[in-house]
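Undergrad: What follows is work.txt; its format and atoms are compact mmCIF, C-alpha atoms.
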# COMPACT_ATOMS: atom_id res chain seq x y z
CA MET B 1 66.55 27.67 144.84
CA PRO B 2 64.23 28.71 147.69
CA THR B 3 62.11 31.80 147.37
CA GLN B 4 61.33 34.31 150.07
CA HIS B 5 57.97 35.82 150.97
CA THR B 6 59.08 39.38 150.31
CA HIS B 7 55.77 41.02 151.21
CA GLN B 8 56.37 40.37 154.91
CA PHE B 9 58.75 43.30 155.38
CA LEU B 10 59.25 46.83 154.07
CA ILE B 11 61.85 47.85 151.51
CA SER B 12 63.40 50.18 154.09
CA ASP B 13 64.04 47.12 156.31
CA CYS B 14 65.42 44.98 153.51
CA ARG B 15 68.96 43.97 152.66
CA PHE B 16 69.12 43.33 148.93
CA CYS B 17 70.76 40.06 147.93
CA SER B 18 72.14 41.54 144.71
CA LEU B 19 73.99 44.28 146.59
CA VAL B 20 75.59 41.67 148.86
CA SER B 21 76.59 39.53 145.86
CA LYS B 22 78.08 42.53 144.09
CA ALA B 23 79.89 43.91 147.14
CA ASN B 24 81.46 40.51 147.83
CA GLY B 25 82.72 40.20 144.26
CA GLU B 26 80.69 37.18 143.16
CA ASP B 27 81.55 36.15 139.60
CA LEU B 28 78.37 35.60 137.58
CA ILE B 29 79.75 33.31 134.89
CA GLY B 30 78.27 29.80 134.70
CA THR B 31 74.89 30.79 136.17
CA ALA B 32 72.92 31.12 132.93
CA GLY B 33 71.32 27.68 132.81
CA THR B 34 71.38 25.40 129.74
CA TYR B 35 68.40 25.30 127.36
CA ASP B 36 67.42 23.98 123.96
CA TYR B 37 64.03 25.75 123.97
CA TRP B 38 62.38 28.87 125.39
CA LEU B 39 58.63 29.35 125.76
CA ILE B 40 57.64 32.89 126.71
CA VAL B 41 54.01 33.91 127.14
CA GLU B 42 52.31 37.25 127.81
CA VAL B 43 50.44 37.31 131.12
CA ALA B 44 49.09 40.50 132.63
CA GLN B 45 50.44 41.83 135.89
CA PRO B 46 50.26 41.75 138.87
CA TRP B 47 52.23 38.53 139.18
CA PRO B 48 51.93 36.74 142.51
CA GLN B 49 54.98 34.95 143.85
CA GLU B 50 53.74 31.51 142.78
CA ILE B 51 52.18 32.62 139.51
CA PHE B 52 52.87 29.30 137.76
CA GLN B 53 50.72 27.59 140.38
CA LYS B 54 48.10 30.32 140.87
CA ASN B 55 47.28 31.54 137.36
CA PRO B 56 44.41 29.32 136.09
CA THR B 57 45.64 29.23 132.49
CA ILE B 58 49.19 28.31 133.40
CA LYS B 59 48.14 25.89 136.13
CA SER B 60 46.15 23.87 133.60
CA LEU B 61 49.36 23.27 131.64
CA MET B 62 51.62 22.26 134.52
CA GLY B 63 50.96 18.52 134.24
CA LEU B 64 51.99 18.47 130.60
CA PHE B 65 54.98 20.71 131.33
CA GLU B 66 56.22 18.39 134.09
CA GLU B 67 55.87 15.41 131.75
CA LEU B 68 57.91 17.27 129.15
CA ILE B 69 60.71 18.14 131.58
CA PHE B 70 60.89 15.13 133.90
CA LYS B 71 59.78 12.25 131.68
CA HIS B 72 61.17 13.37 128.33
CA GLY B 73 64.13 15.42 129.59
CA VAL B 74 63.45 18.40 127.35
CA LYS B 75 65.56 21.44 128.30
CA LEU B 76 62.88 24.11 127.99
CA LYS B 77 62.84 27.40 129.88
CA PRO B 78 59.36 28.86 130.52
CA MET B 79 58.95 32.57 131.23
CA LEU B 80 56.14 35.11 131.38
CA ILE B 81 56.28 38.66 130.07
CA ALA B 82 54.03 41.61 130.83
CA PRO B 83 51.88 42.96 127.98
CA ASP B 84 53.15 46.29 126.69
CA GLY B 85 50.96 49.26 125.78
CA GLU B 86 52.68 49.67 122.42
CA TYR B 87 53.53 46.08 121.48
CA SER B 88 50.50 44.14 122.68
CA TYR B 89 46.89 43.63 121.51
CA PRO B 90 43.89 43.54 123.90
CA GLY B 91 42.15 40.18 123.81
CA PHE B 92 45.20 38.43 122.32
CA THR B 93 48.20 36.63 123.80
CA ARG B 94 51.72 36.85 122.42
CA LEU B 95 53.88 33.72 122.62
CA PHE B 96 57.57 33.44 121.76
CA TYR B 97 58.92 29.99 120.98
CA TYR B 98 62.69 29.73 120.50
CA TYR B 99 64.50 26.51 119.63
CA ARG B 100 68.05 25.35 119.07
CA PRO B 101 68.40 24.95 115.29
CA ALA B 102 71.44 22.63 115.12
CA LYS B 103 74.23 21.12 117.20
CA LEU B 104 76.48 24.07 116.38
CA PHE B 105 74.63 27.38 116.51
CA SER B 106 74.97 31.00 117.56
CA GLN B 107 71.36 31.96 118.20
CA PHE B 108 67.99 30.33 118.73
CA GLU B 109 65.44 30.19 115.93
CA LYS B 110 62.32 32.18 116.73
CA GLN B 111 58.61 31.72 116.17
CA GLU B 112 56.20 34.38 117.40
CA PHE B 113 52.46 33.82 117.68
CA ILE B 114 49.71 36.29 118.57
CA VAL B 115 46.60 34.25 119.31
CA PRO B 116 43.16 34.99 120.79
CA GLU B 117 43.37 34.56 124.55
CA SER B 118 41.01 31.60 124.33
CA GLU B 119 43.55 29.75 122.15
CA THR B 120 46.57 30.17 124.44
CA VAL B 121 46.28 26.80 126.19
CA ALA B 122 45.70 24.98 122.89
CA LEU B 123 48.82 26.54 121.34
CA VAL B 124 51.07 25.74 124.30
CA THR B 125 49.66 22.20 124.41
CA ALA B 126 50.44 21.74 120.71
CA ILE B 127 54.04 22.91 121.21
CA PHE B 128 54.54 20.61 124.19
CA LYS B 129 53.11 17.63 122.31
CA GLN B 130 55.34 18.34 119.32
CA LEU B 131 58.39 18.36 121.61
CA MET B 132 57.29 14.99 123.02
CA HIS B 133 56.83 13.66 119.47
CA GLN B 134 53.12 13.15 120.04
CA PRO B 135 50.25 13.93 117.62
CA ASN B 136 49.50 17.67 117.69
CA ASP B 137 47.70 20.40 115.78
CA LEU B 138 50.49 23.01 115.80
CA SER B 139 50.08 23.55 112.05
CA GLU B 140 46.63 25.03 112.69
CA PHE B 141 48.26 28.01 114.43
CA GLN B 142 50.30 29.13 111.41
CA GLN B 143 47.68 31.80 110.69
CA TYR B 144 48.66 33.50 113.97
CA GLN B 145 52.41 33.47 113.31
CA HIS B 146 54.30 36.75 112.83
CA LYS B 147 57.64 37.15 111.04
CA THR B 148 59.79 38.90 113.65
CA SER B 149 63.09 37.04 113.49
CA HIS B 150 64.81 40.39 112.79
CA ILE B 151 63.72 41.78 116.18
CA ARG B 152 66.00 41.43 119.20
CA GLU B 153 64.10 40.91 122.46
CA LEU B 154 65.65 42.05 125.75
CA MET B 155 63.79 40.73 128.79
CA VAL B 156 64.44 42.16 132.26
CA CYS B 157 63.26 40.48 135.47
CA THR B 158 61.07 42.88 137.49
CA HIS B 159 59.30 40.18 139.52
CA ALA B 160 59.31 41.89 142.92
CA GLN B 161 56.95 39.32 144.47
CA VAL B 162 59.72 36.70 144.18
CA ASP B 163 62.50 39.04 145.34
CA LEU B 164 62.49 42.76 146.04
CA ALA B 165 65.89 43.21 144.37
CA CYS B 166 64.35 42.44 140.98
CA GLY B 167 61.62 44.98 141.53
CA ARG B 168 63.95 47.64 142.87
CA PHE B 169 66.86 47.33 140.43
CA GLY B 170 65.34 45.45 137.50
CA THR B 171 62.57 48.00 137.04
CA LEU B 172 65.08 50.87 136.73
CA ILE B 173 67.03 49.09 134.00
CA TYR B 174 63.83 48.03 132.23
CA ARG B 175 62.53 51.62 132.15
CA ARG B 176 65.83 52.98 130.85
CA LEU B 177 65.98 50.41 128.05
CA ARG B 178 62.30 50.77 127.20
CA LYS B 179 62.34 54.57 127.12
CA GLU B 180 65.68 55.23 125.42
CA TYR B 181 66.86 52.19 123.48
CA ALA B 182 63.72 50.61 122.05
CA PRO B 183 62.44 53.81 120.34
CA ALA B 184 65.88 54.44 118.81
CA SER B 185 66.14 50.96 117.27
CA ASN B 186 63.94 51.48 114.17
CA GLY B 187 61.79 48.53 115.20
CA LYS B 188 64.72 46.13 115.67
CA LEU B 189 64.62 45.99 119.47
CA ARG B 190 61.84 45.40 122.00
CA ILE B 191 62.11 45.51 125.78
CA TRP B 192 59.97 43.39 128.11
CA GLN B 193 59.37 42.86 131.83
CA THR B 194 59.58 39.21 132.85
CA THR B 195 58.83 36.93 135.74
CA HIS B 196 61.68 35.38 137.71
CA PHE B 197 64.05 33.27 135.59
CA GLY B 198 66.67 32.47 138.23
CA GLY B 199 69.40 34.40 140.00
CA HIS B 200 67.74 37.35 141.69
CA GLN B 201 71.03 37.83 143.59
CA PHE B 202 72.29 39.10 140.22
CA ALA B 203 69.55 41.75 139.80
CA PRO B 204 69.15 43.56 137.57
CA THR B 205 69.32 40.47 135.38
CA LEU B 206 68.41 40.22 131.71
CA VAL B 207 67.85 37.64 128.94
CA ASP B 208 69.07 38.65 125.47
CA LEU B 209 67.27 36.74 122.70
CA PRO B 210 67.61 35.30 120.08
CA GLN B 211 71.26 34.75 121.06
CA GLY B 212 70.37 33.48 124.50
CA HIS B 213 72.89 35.37 126.64
CA LEU B 214 72.17 36.17 130.29
CA TRP B 215 73.45 39.27 132.05
CA GLY B 216 73.41 40.42 135.67
CA HIS B 217 74.42 43.19 138.10
CA LEU B 218 73.73 45.57 135.22
CA GLU B 219 74.48 49.28 135.55
CA PRO B 220 72.97 52.05 133.40
CA ASP B 221 76.40 53.02 132.05
CA VAL B 222 76.96 49.60 130.42
CA LEU B 223 73.68 49.54 128.48
CA ASP B 224 75.21 51.26 125.44
CA LEU B 225 77.86 48.55 125.23
CA LEU B 226 75.32 45.78 125.77
CA VAL B 227 72.88 47.04 123.15
CA GLN B 228 75.15 48.67 120.57
CA ARG B 229 78.25 46.46 120.94
CA ASN B 230 80.33 49.50 120.08
CA GLY B 231 83.30 49.19 122.45
CA SER B 232 85.65 46.74 124.13
CA VAL B 233 84.14 43.39 125.08
CA PHE B 234 86.07 43.58 128.37
CA GLY B 235 83.57 46.17 129.56
CA LEU B 236 80.91 43.43 129.77
CA ARG B 237 83.01 40.66 131.31
CA GLN B 238 81.83 41.13 134.90
CA TYR B 239 78.14 41.29 133.86
CA TYR B 240 78.10 38.12 131.75
CA ARG B 241 76.25 35.16 133.28
CA GLY B 242 76.89 32.98 130.24
CA TRP B 243 75.46 31.61 127.01
CA THR B 244 72.54 29.23 127.47
CA GLY B 245 73.67 27.03 124.58
CA LEU B 246 76.40 25.65 126.90
CA SER B 247 76.63 24.03 130.34
CA GLU B 248 78.13 25.62 133.44
CA PHE B 249 81.83 24.77 132.98
CA GLU B 250 81.58 25.33 129.22
CA GLN B 251 80.22 28.82 129.91
CA ASN B 252 83.36 29.63 131.89
CA ALA B 253 85.56 28.64 128.96
CA GLU B 254 83.37 30.41 126.41
CA ARG B 255 83.70 33.74 128.21
CA GLU B 256 87.49 33.57 128.06
CA ILE B 257 87.39 32.73 124.33
CA TRP B 258 85.06 35.68 123.76
CA MET B 259 87.42 38.01 125.61
CA GLN B 260 90.21 36.94 123.24
CA SER B 261 88.11 36.96 120.06
CA SER B 262 86.09 40.18 120.41
CA TRP B 263 82.52 40.72 119.13
CA SER B 264 82.80 38.45 116.10
CA TRP B 265 82.83 35.43 118.43
CA LEU B 266 79.16 35.92 119.30
CA ASP B 267 78.17 35.11 115.70
CA TYR B 268 80.31 31.96 115.47
CA LEU B 269 78.43 28.65 115.48
CA LYS B 270 79.34 26.82 118.69
CA ALA B 271 78.84 23.64 120.68
CA GLY B 272 80.37 22.44 123.93
CA LYS B 273 81.42 19.15 125.46
CA VAL B 274 82.71 18.17 128.91
CA LEU B 275 85.72 15.93 128.29
CA ALA B 276 86.42 15.05 131.91
CA MET B 277 85.29 16.12 135.38
CA GLU B 278 86.19 15.36 138.97
CA ASN B 279 84.05 12.57 140.40
CA VAL B 280 81.97 13.87 143.28
CA ALA B 281 78.93 12.74 145.21
CA GLN B 282 75.53 13.76 143.85
CA GLY B 283 74.69 17.33 144.79
CA GLN B 284 78.33 18.36 145.27
CA ASP B 285 80.29 20.67 143.00
CA ALA B 286 83.33 19.40 141.13
CA ASP B 287 86.66 21.16 141.69
CA TRP B 288 87.60 20.98 138.02
CA ALA B 289 86.45 20.05 134.53
CA GLU B 290 88.07 19.74 131.12
CA VAL B 291 85.88 21.09 128.32
CA ARG B 292 85.96 21.53 124.56
CA ILE B 293 84.24 24.27 122.57
CA ASP B 294 83.88 23.56 118.84
CA PHE B 295 83.24 26.52 116.55
CA ALA B 296 82.68 27.44 112.93
CA VAL B 297 82.41 30.76 111.13
CA PRO B 298 78.89 31.13 109.68
CA ASP B 299 80.12 31.15 106.07
CA GLY B 300 81.97 27.87 106.64
CA SER B 301 85.39 29.31 105.84
CA THR B 302 86.92 28.55 109.23
CA SER B 303 86.32 26.01 111.97
CA GLY B 304 88.20 24.68 114.94
CA ALA B 305 88.02 24.10 118.66
CA TYR B 306 89.29 25.26 122.01
CA GLU B 307 90.07 23.04 124.96
CA ALA B 308 90.10 24.44 128.47
CA ARG B 309 90.56 23.42 132.06
CA VAL B 310 88.18 25.11 134.50
CA GLU B 311 89.16 24.95 138.18
CA VAL B 312 87.84 26.19 141.48
CA CYS B 313 89.77 29.28 142.56
CA GLY B 314 88.13 30.16 145.87
CA ASP B 315 84.75 31.10 147.24
CA VAL B 316 82.69 34.11 148.24
CA MET B 317 79.82 34.66 150.62
CA SER B 318 76.57 35.50 148.86
CA ALA B 319 72.84 35.68 149.53
CA PHE B 320 70.17 33.94 147.48
CA ASN B 321 67.28 36.07 148.74
CA SER B 322 66.72 39.61 149.91
CA ALA B 323 65.65 39.68 153.56
CA LYS B 324 65.63 41.70 156.74
CA GLU B 325 67.81 39.09 158.42
CA MET B 326 69.98 37.68 155.69
CA GLU B 327 71.62 34.27 155.63
CA LEU B 328 74.85 34.21 153.66
CA GLU B 329 76.02 31.07 151.90
CA VAL B 330 79.33 29.97 150.43
CA VAL B 331 79.47 30.10 146.62
CA ARG B 332 82.39 28.48 144.82
CA GLN B 333 84.21 30.51 142.21
CA TYR B 334 85.90 29.13 139.13
CA HIS B 335 88.45 30.32 136.59
CA VAL B 336 89.97 29.04 133.37
CA SER B 337 93.46 27.81 134.25
CA ARG B 338 94.32 26.64 130.73
CA LEU B 339 92.94 27.54 127.31
CA ILE B 340 94.39 26.27 124.04
CA LYS B 341 93.21 26.40 120.45
CA VAL B 342 93.29 23.03 118.70
CA GLU B 343 92.91 22.20 115.02
Reformat the file's structure so that it appears as structure tokens.
TA:
Amino acid sequence: MPTQHTHQFLISDCRFCSLVSKANGEDLIGTAGTYDYWLIVEVAQPWPQEIFQKNPTIKSLMGLFEELIFKHGVKLKPMLIAPDGEYSYPGFTRLFYYYRPAKLFSQFEKQEFIVPESETVALVTAIFKQLMHQPNDLSEFQQYQHKTSHIRELMVCTHAQVDLACGRFGTLIYRRLRKEYAPASNGKLRIWQTTHFGGHQFAPTLVDLPQGHLWGHLEPDVLDLLVQRNGSVFGLRQYYRGWTGLSEFEQNAEREIWMQSSWSWLDYLKAGKVLAMENVAQGQDADWAEVRIDFAVPDGSTSGAYEARVEVCGDVMSAFNSAKEMELEVVRQYHVSRLIKVE
């Protein structure tokens, strides 16, 4: 997705892509991406637009990262977070490494490291080499590992240099969560600012780990429901971008199952499969797909599957970047036309 040089115009001149997306009724589901791994590293602000190319530490790792993604096909999502005055340690770098623990799962397994800044490149290199099944010295970093699997990490994009919408709307949601929700969590919740992770037209957009859900178009009055999970799941339907353990069409089906199953569904072990899909030319979107979502209750007492048909149901005009002169593009919208539970 192209990025826009947002520093070339003033906020007062800007049309925000997320406001256009919201006003035109764009459905967010299926936009979460699909990942088996997350690698999230603390890097101090300010963050330039092309921080992955301009930061010397990160730039030195890009060759290995590209080998990991393009040669070995590893589905890893890299992100950067801003150090926090309360959470972080001067002279040290925090690194979160999340990985899919099994075929069926409900949340990613977490490893957290806090290493001297001089060791950051070595640690990331070791993780990349392990993922490529190459000799590595990852075991040498166990001394820097912290046991924080009980802590939920909410990460809000505030990367204004990529798109002003994330700075304008993401920062407000970040501050609300950081000021009100983190202190009230008894150490079970931390809130972070992140670099761009895709979909600034959905700002404010948020990653919820370890479960790996993505949210967008967030409003302050839904934060209680998002954090506490103390009301109807239907209140979050329009903000749900999807679960990153599934692919695009599977995410559509999974949302409908969740709406029928309530909060308990989020803890079920799950895996998805595309059973059939319309044949289209490369780069085009299919009109329909048949998918299957297998599930199991964590204690093993119940298991089963759902099969669904996901079909195109129309389109909306949306904008991928905030700009003074905005170009709108057609975005296809999908719905679940059939959903059945199978044994």
Undergrad: Report as an MDAnalysis selection string all protein, DNA and RNA residues lying within 6 Å of stretch 305-313 of chain B, evaluated on all atoms listed in the file, omitting residues in the same chain fewer than 3 positions from it.
TA: chainID B and resid 287:295 333:342
Undergrad: What gap, in Å, lies between atom CA of B:Gly314 and atom CA of B:Val233?
TA: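 Distance between the two atoms: 25.0 Å.
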Undergrad: In Å to one decimal, how far is atom CA of B:Phe113 from atom CA of B:Asn136?
TA: 16.4 Å
Undergrad: Do a neighbour search on B:Gln260 at 10 Å with only C-alpha atoms, toss out local chain neighbours closer than 4 positions, and write the hits as a list in words.
TA: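 What passes the distance filter is Val233, Phe234, Glu254, Arg255, Glu256 and Trp265 of chain B.
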Undergrad: With distances taken over all atoms listed in the file, which residue among B:His213, B:Gln193, B:Met155, B:Ala286 lies nearest B:Trp47?
TA: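 Smallest distance to B:Trp47 is found for B:Gln193.
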Undergrad: Quick one: pull the distance between atom CA of B:Met79 and atom CA of B:Ile51, Å, one decimal.
TA: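 So the two atoms, atom CA of B:Met79 and atom CA of B:Ile51, lie 10.7 Å apart.
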Undergrad: Quick one: 8 Å padding each side, axis-aligned, all listed atoms of stretch 14-32 of chain B - centre and edge lengths in Å to one decimal, as lines of an AutoDock Vina configuration file?
TA:
center_x = 74.1
center_y = 37.4
center_z = 143.2
size_x = 33.3
size_y = 31.2
size_z = 36.6
Undergrad: Which of these, B:Val331, B:Ala32, B:Leu154, B:Ile173, has the shortest distance to B:Lys77 once you count all atoms listed in the file?
TA: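 When distances to B:Lys77 are compared using all atoms listed in the file, the smallest one comes from B:Ala32.
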Undergrad: Excluding same-chain residues fewer than 3 positions from B:Lys103, what lies within 12 Å of it counting all atoms listed in the file, as an NGL selection string?
TA: :B and (36 or 99-100 or 106-108 or 245-246 or 269-273 or 293-296)
Undergrad: Restricting the calculation to only C-alpha atoms: of B:Tyr239, B:Phe249, B:Trp258, B:Tyr37, which residue gets closest to B:Phe202?
TA: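 Closest to B:Phe202, using only C-alpha atoms: B:Tyr239.
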Undergrad: Compile the contact shell of B:Leu218 as an MDAnalysis selection string: residues with an atom at most 10 Å away, counting all atoms listed in the file, same-chain residues fewer than 2 positions apart removed.
TA: chainID B and resid 169:170 173 202:206 215:216 220:223 226 236 238:240
Undergrad: Between B:His133, B:Lys188, B:His196, B:Arg237, which has the minimum distance to B:Val156 (counting all atoms listed in the file)?
TA: B:His196
Undergrad: Can you list, as a PyMOL selection string, every protein, DNA or RNA residue that comes within 9 Å of B:Lys147 when you count all atoms listed in the file, leaving out same-chain residues fewer than 4 positions away?
TA: chain B and resi 110-112
Undergrad: B:Glu248, B:Gln211, B:Gln284, B:Glu119: which is nearest B:Leu138, counting only C-alpha atoms?
TA: B:Glu119
Undergrad: Pick the closest to B:Asp84 from B:Leu28, B:Gln45, B:Asn321, B:Thr148: which is it, counting all atoms listed in the file?
TA: B:Gln45
